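S.K.: Hey, dropping work11.cif in here, mmCIF, C-alpha atoms:
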data_query
#
loop_
_atom_site.label_atom_id
_atom_site.label_comp_id
_atom_site.auth_asym_id
_atom_site.auth_seq_id
_atom_site.Cartn_x
_atom_site.Cartn_y
_atom_site.Cartn_z
CA MET A 1 125.86 81.41 115.61
CA PRO A 2 122.97 81.10 113.15
CA PRO A 3 123.50 82.39 109.62
CA LYS A 4 122.40 85.95 108.96
CA ALA A 5 118.97 86.19 107.37
CA ARG A 6 119.20 87.03 103.69
CA ILE A 7 115.74 88.61 103.57
CA THR A 8 115.34 91.36 106.17
CA ALA A 9 112.20 93.04 107.48
CA ASP A 10 113.29 96.27 105.76
CA MET A 11 113.60 94.46 102.44
CA ILE A 12 110.09 93.08 102.86
CA ILE A 13 108.66 96.49 103.73
CA GLU A 14 110.35 98.09 100.72
CA ALA A 15 109.08 95.31 98.45
CA ALA A 16 105.54 95.70 99.84
CA PHE A 17 105.73 99.45 99.27
CA ALA A 18 106.89 98.90 95.67
CA ILE A 19 104.05 96.44 95.04
CA VAL A 20 101.44 98.87 96.34
CA ARG A 21 103.02 101.73 94.40
CA GLU A 22 103.08 99.78 91.13
CA ASN A 23 99.92 97.67 91.34
CA GLY A 24 97.79 98.81 94.26
CA ALA A 25 97.12 97.50 97.74
CA GLU A 26 94.87 94.73 96.45
CA SER A 27 97.99 93.11 94.92
CA LEU A 28 99.81 92.90 98.23
CA ASN A 29 100.14 89.37 99.59
CA ALA A 30 102.88 87.00 100.73
CA ARG A 31 103.23 85.51 97.25
CA THR A 32 103.72 88.86 95.46
CA ILE A 33 106.20 90.01 98.10
CA ALA A 34 108.15 86.77 97.75
CA GLU A 35 108.14 87.11 93.95
CA LYS A 36 109.42 90.69 94.24
CA LEU A 37 112.24 89.53 96.52
CA GLY A 38 113.01 86.36 94.54
CA CYS A 39 112.38 84.05 97.47
CA SER A 40 109.72 81.76 98.88
CA THR A 41 106.98 83.03 101.18
CA GLN A 42 108.77 81.51 104.17
CA PRO A 43 111.15 84.46 104.80
CA VAL A 44 108.24 86.89 104.54
CA LEU A 45 106.19 85.03 107.12
CA TYR A 46 109.28 84.49 109.27
CA GLN A 47 109.91 88.24 109.57
CA PHE A 48 106.20 89.16 109.95
CA ALA A 49 103.55 87.05 111.67
CA THR A 50 100.89 87.99 109.12
CA VAL A 51 100.55 89.80 105.81
CA GLU A 52 98.45 92.36 107.69
CA ASP A 53 101.56 93.17 109.74
CA VAL A 54 103.46 93.73 106.50
CA ARG A 55 100.59 95.90 105.23
CA ARG A 56 100.77 98.07 108.38
CA ALA A 57 104.54 98.45 108.02
CA ALA A 58 104.17 99.30 104.31
CA TYR A 59 101.47 101.83 105.22
CA ALA A 60 103.84 103.56 107.67
CA TYR A 61 106.59 103.55 105.02
CA ALA A 62 104.19 105.00 102.41
CA ASP A 63 102.96 107.59 104.90
CA ASP A 64 106.53 108.75 105.51
CA PHE A 65 107.16 108.85 101.74
CA HIS A 66 104.01 110.95 101.28
CA SER A 67 104.96 113.33 104.09
CA GLN A 68 108.37 113.97 102.56
CA TYR A 69 106.77 114.48 99.13
CA ILE A 70 104.21 117.05 100.22
CA MET A 71 106.66 118.99 102.41
CA GLN A 72 108.98 119.74 99.48
CA GLY A 73 109.43 123.46 98.98
CA LEU A 74 107.31 124.60 101.93
CA GLU A 75 110.10 126.33 103.83
CA GLU A 76 111.01 128.61 100.94
CA SER A 77 107.50 129.14 99.58
CA PRO A 78 105.87 132.57 100.05
CA MET A 79 102.52 130.72 100.25
CA PRO A 80 103.31 127.40 101.98
CA LEU A 81 99.68 126.37 102.32
CA LEU A 82 99.14 126.64 98.57
CA THR A 83 102.40 124.80 97.89
CA LEU A 84 101.30 122.07 100.28
CA GLY A 85 97.97 121.76 98.47
CA GLN A 86 99.66 121.61 95.08
CA ASN A 87 102.06 118.94 96.31
CA TYR A 88 99.19 116.89 97.76
CA ILE A 89 97.18 117.05 94.54
CA ARG A 90 100.26 116.31 92.41
CA PHE A 91 100.99 113.28 94.62
CA ALA A 92 97.48 111.95 93.96
CA ALA A 93 97.94 112.41 90.22
CA GLN A 94 101.42 110.85 90.09
CA GLU A 95 101.08 108.19 92.80
CA GLN A 96 97.48 107.04 92.41
CA HIS A 97 97.95 103.62 94.02
CA LEU A 98 99.79 105.07 97.02
CA PHE A 99 97.19 107.82 97.43
CA ARG A 100 94.36 105.28 97.49
CA PHE A 101 96.31 103.06 99.88
CA LEU A 102 96.96 105.94 102.28
CA PHE A 103 93.68 107.84 102.11
CA GLN A 104 91.00 105.55 100.74
CA SER A 105 91.60 102.36 102.65
CA ALA A 106 91.18 101.27 106.22
CA GLY A 107 94.67 102.63 106.91
CA LEU A 108 93.28 105.89 108.27
CA GLY A 109 91.56 103.94 111.00
CA SER A 110 88.24 104.87 112.50
CA GLY A 111 89.15 108.46 113.28
CA ASN A 112 86.97 111.32 112.18
CA LEU A 113 87.95 114.58 110.53
CA LEU A 114 88.43 116.32 113.88
CA SER A 115 90.83 113.67 115.13
CA LEU A 116 92.71 113.84 111.81
CA MET A 117 93.07 117.61 112.23
CA GLU A 118 94.42 117.08 115.77
CA ASP A 119 97.13 114.68 114.58
CA PRO A 120 100.51 115.75 116.02
CA ALA A 121 102.06 115.13 112.58
CA LEU A 122 100.30 118.29 111.38
CA ALA A 123 102.12 120.49 113.90
CA PRO A 124 105.06 121.37 111.61
CA ILE A 125 102.72 122.22 108.74
CA LEU A 126 100.48 124.35 110.94
CA SER A 127 103.52 126.10 112.38
CA ILE A 128 104.78 127.02 108.89
CA ILE A 129 101.32 128.33 107.95
CA GLN A 130 101.00 130.28 111.19
CA GLN A 131 104.40 131.92 110.79
CA ALA A 132 104.03 132.65 107.06
CA MET A 133 100.62 134.26 107.53
CA ASP A 134 101.25 135.71 111.00
CA ILE A 135 98.03 134.25 112.40
CA SER A 136 96.99 132.37 115.52
CA PRO A 137 97.36 128.59 115.77
CA GLU A 138 93.57 128.26 115.78
CA ALA A 139 93.20 130.34 112.59
CA ALA A 140 95.95 128.29 110.92
CA ARG A 141 94.10 125.08 111.82
CA ARG A 142 90.75 126.38 110.52
CA ILE A 143 92.25 127.59 107.24
CA PHE A 144 94.13 124.30 106.85
CA THR A 145 90.92 122.32 107.48
CA HIS A 146 88.98 124.36 104.92
CA LEU A 147 91.64 123.88 102.26
CA PHE A 148 92.22 120.24 103.16
CA LEU A 149 88.62 119.40 102.27
CA VAL A 150 88.94 121.08 98.87
CA VAL A 151 92.40 119.65 98.17
CA HIS A 152 91.52 116.13 99.28
CA GLY A 153 88.38 116.12 97.17
CA TYR A 154 90.25 117.22 94.05
CA ALA A 155 93.09 114.77 94.76
CA SER A 156 90.59 111.93 95.21
CA LEU A 157 89.06 112.70 91.83
CA LEU A 158 92.49 112.57 90.19
CA ALA A 159 93.49 109.35 91.95
CA ASN A 160 90.31 107.52 90.93
CA ASN A 161 89.37 108.87 87.52
CA PRO A 162 91.05 109.47 84.16
CA ILE A 163 91.15 113.23 84.71
CA PRO A 164 94.25 115.00 83.37
CA TYR A 165 96.39 116.83 85.90
CA ASP A 166 96.64 120.55 85.06
CA GLU A 167 98.99 122.59 87.25
CA ASN A 168 97.35 125.91 86.24
CA GLU A 169 93.88 124.61 87.03
CA VAL A 170 95.08 123.39 90.41
CA SER A 171 96.70 126.77 91.18
CA SER A 172 93.51 128.61 90.26
CA LEU A 173 91.38 126.30 92.40
CA LEU A 174 93.71 126.66 95.37
CA ASP A 175 93.84 130.44 95.07
CA SER A 176 90.03 130.59 95.14
CA ALA A 177 89.76 128.19 98.06
CA PHE A 178 92.50 130.01 99.97
CA ASN A 179 90.85 133.40 99.43
CA GLY A 180 87.54 131.94 100.60
CA ALA A 181 89.18 130.53 103.73
CA CYS A 182 90.87 133.87 104.42
CA ALA A 183 87.57 135.70 103.95
CA ALA A 184 85.95 133.36 106.45
CA GLU A 185 88.73 134.25 108.90
CA ALA A 186 88.55 137.97 107.96
CA LEU A 187 92.20 137.88 106.81
CA PRO A 188 93.67 139.79 103.87
CA LYS A 189 93.35 137.98 100.54
CA GLU A 190 96.26 137.12 98.28
CA ASP A 191 96.65 139.49 95.31
#
Do you think you could lay out the structure here as structure tokens?
M.R.:
Amino acid sequence: MPPKARITADMIIEAAFAIVRENGAESLNARTIAEKLGCSTQPVLYQFATVEDVRRAAYAYADDFHSQYIMQGLEESPMPLLTLGQNYIRFAAQEQHLFRFLFQSAGLGSGNLLSLMEDPALAPILSIIQQAMDISPEAARRIFTHLFLVVHGYASLLANNPIPYDENEVSSLLDSAFNGACAAEALPKED
């Protein structure tokens, strides 16, 4: 029986994630992964055929990390859509390298905004919004899309520029955007 591999695929993915998180996606290569793990590049390229395969696995890991981050507190929030927006913007401010890796790289693929809004991963979020606001699935999707554009724009500014993160400013912006989206849907505004 061959000896058990000391460096596993999971270890490589976690190291790649840490490299992207600390230094950005441009720092991710077989050498930096090997340095992080304290090994040669051979185990990295044994577990993954190419560094691009590692990048895809690290992207999926980062995407899961991001999803868990932004979903915090939604279930108990009286305004889950606003909480989601605040979490998304806070993530961009606190995890700038990961935000750029996830949302400003080729990782999103060639999809357009409509295909992004049809992603099955949004179903739990849209369901929470629909139930909390007692609206149709279509109205939940339209309101989410409206706010997503505002939230993503603000988050992108934070992730790419030396702009200070201000929780009160974010709350005010989200309240205004939410009320505008509700007005467009002819729904009651938040007081």
S.K.: Taking the file as I've supplied it (selection: the PyMOL selection byres ((chain A and resi 174) around 8)), which residues are included? Please answer as a list of chain:residue names.
M.R.: A:Leu82, A:Gly85, A:Gln86, A:Leu147, A:Val151, A:Val170, A:Ser171, A:Ser172, A:Leu173, A:Asp175, A:Ser176, A:Ala177, A:Phe178
S.K.: Using all atoms listed in the file, pick whichever of A:Met79, A:Phe101, A:Gly73, A:Ala49 has the shortest atom-to-atom distance to Leu28 (chain A).
M.R.: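 For Leu28 (chain A), the nearest of the given residues is A:Phe101.
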S.K.: Quick one: pull the distance between CA of Ala58 (chain A) and CA of Leu74 (chain A), Å, one decimal.
M.R.: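 That distance, rounded to one decimal, is 25.6 Å.
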S.K.: I need the residue set behind the PyMOL selection byres ((chain A and resi 62-65) around 9) for this file; please write it as a compact mmCIF listing (two decimals) with C-alpha atoms, in the coordinates of the input.
M.R.:
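Dumped everything to out-v4.txt:
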# COMPACT_ATOMS: atom_id res chain seq x y z
CA PHE A 17 105.73 99.45 99.27
CA ARG A 21 103.02 101.73 94.40
CA ALA A 57 104.54 98.45 108.02
CA ALA A 58 104.17 99.30 104.31
CA TYR A 59 101.47 101.83 105.22
CA ALA A 60 103.84 103.56 107.67
CA TYR A 61 106.59 103.55 105.02
CA HIS A 66 104.01 110.95 101.28
CA SER A 67 104.96 113.33 104.09
CA GLN A 68 108.37 113.97 102.56
CA TYR A 69 106.77 114.48 99.13
CA ILE A 70 104.21 117.05 100.22
CA LEU A 98 99.79 105.07 97.02
CA PHE A 101 96.31 103.06 99.88
CA LEU A 102 96.96 105.94 102.28
S.K.: Between CA of Ile125 (chain A) and CA of Ser156 (chain A), what is the distance in Å, rounded to a tenth?
M.R.: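 Computing it gives 20.9 Å between the two atoms.
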S.K.: Might you pull out every residue within 12 Å of Glu138 (chain A), with all atoms listed in the file counted and same-chain residues fewer than 5 positions away left off, and present them as a CSV table (one decimal) with C-alpha atoms, in the coordinates of the input?
M.R.:
chain,number,residue,atom,x,y,z
A,117,MET,CA,93.1,117.6,112.2
A,118,GLU,CA,94.4,117.1,115.8
A,123,ALA,CA,102.1,120.5,113.9
A,126,LEU,CA,100.5,124.4,110.9
A,127,SER,CA,103.5,126.1,112.4
A,129,ILE,CA,101.3,128.3,108.0
A,130,GLN,CA,101.0,130.3,111.2
A,143,ILE,CA,92.2,127.6,107.2
A,144,PHE,CA,94.1,124.3,106.8
A,145,THR,CA,90.9,122.3,107.5
A,185,GLU,CA,88.7,134.2,108.9
S.K.: Out of A:Ile135, A:Ile89, A:Ala9, A:Leu37, which residue has the shortest atom-to-atom distance to Ala155 (chain A) when counting only C-alpha atoms?
M.R.: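 Ranked by minimum distance to Ala155 (chain A), first place goes to A:Ile89.
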S.K.: Do you know which residues are at most 10 Å from Asn161 (chain A) counting only C-alpha atoms, after dropping those on the same chain fewer than 3 positions away, and could you put them as a short mmCIF file (atom, residue, chain, number, x, y, z; two decimals) with C-alpha atoms, keeping the file's coordinate frame?
M.R.:
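Generated output (out07.cif):
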data_model
loop_
_atom_site.label_atom_id
_atom_site.label_comp_id
_atom_site.auth_asym_id
_atom_site.auth_seq_id
_atom_site.Cartn_x
_atom_site.Cartn_y
_atom_site.Cartn_z
CA ALA A 93 97.94 112.41 90.22
CA GLN A 96 97.48 107.04 92.41
CA SER A 156 90.59 111.93 95.21
CA LEU A 157 89.06 112.70 91.83
CA LEU A 158 92.49 112.57 90.19
CA PRO A 164 94.25 115.00 83.37
#
S.K.: Report, in Å to a single decimal, how far apart CA of Leu84 (chain A) and CA of Cys182 (chain A) are.
M.R.: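 Between CA of Cys182 (chain A) and CA of Leu84 (chain A) the gap works out to 16.3 Å.
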S.K.: Out of A:Gly38, A:Pro43, A:Pro162, A:Pro137, which residue has the shortest atom-to-atom distance to Ala92 (chain A) when counting only C-alpha atoms?
M.R.: A:Pro162
S.K.: Quick one: which residues end up in the PyMOL selection byres ((chain A and resi 29) around 9) for this structure, as a PyMOL selection string?
M.R.: chain A and resi 16+25-28+30-34+51-52+54-55
S.K.: Suppose we keep C-alpha atoms; can you now write the selection as a JSON list (two decimals), keeping the file's coordinate frame?
M.R.:
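Writing the result to part.json gives the following:
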[["chain", "number", "residue", "atom", "x", "y", "z"],
["A", 16, "ALA", "CA", 105.54, 95.70, 99.84],
["A", 25, "ALA", "CA", 97.12, 97.50, 97.74],
["A", 26, "GLU", "CA", 94.87, 94.73, 96.45],
["A", 27, "SER", "CA", 97.99, 93.11, 94.92],
["A", 28, "LEU", "CA", 99.81, 92.90, 98.23],
["A", 30, "ALA", "CA", 102.88, 87.00, 100.73],
["A", 31, "ARG", "CA", 103.23, 85.51, 97.25],
["A", 32, "THR", "CA", 103.72, 88.86, 95.46],
["A", 33, "ILE", "CA", 106.20, 90.01, 98.10],
["A", 34, "ALA", "CA", 108.15, 86.77, 97.75],
["A", 51, "VAL", "CA", 100.55, 89.80, 105.81],
["A", 52, "GLU", "CA", 98.45, 92.36, 107.69],
["A", 54, "VAL", "CA", 103.46, 93.73, 106.50],
["A", 55, "ARG", "CA", 100.59, 95.90, 105.23]]
S.K.: Taking all atoms listed in the file into account, name the residue in A:Ala15, A:Ala186, A:Val44, A:Ala159 that is nearest to Arg100 (chain A).
M.R.: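 Looking at the shortest contact to Arg100 (chain A), the residue is A:Ala159.
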S.K.: My list of candidates is A:Ser115, A:Ser77, A:Gln42, A:Gln104. Which is closest to Ala132 (chain A) when distances are computed with only C-alpha atoms?
M.R.: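 That would be A:Ser77, the residue with the smallest distance to Ala132 (chain A).
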S.K.: Which residue is closest to Asp53 (chain A)? Choose from A:Ala184, A:Ile13, A:Ala121, A:Cys39 and count only C-alpha atoms.
M.R.: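 For Asp53 (chain A), the nearest of the candidates is A:Ile13.
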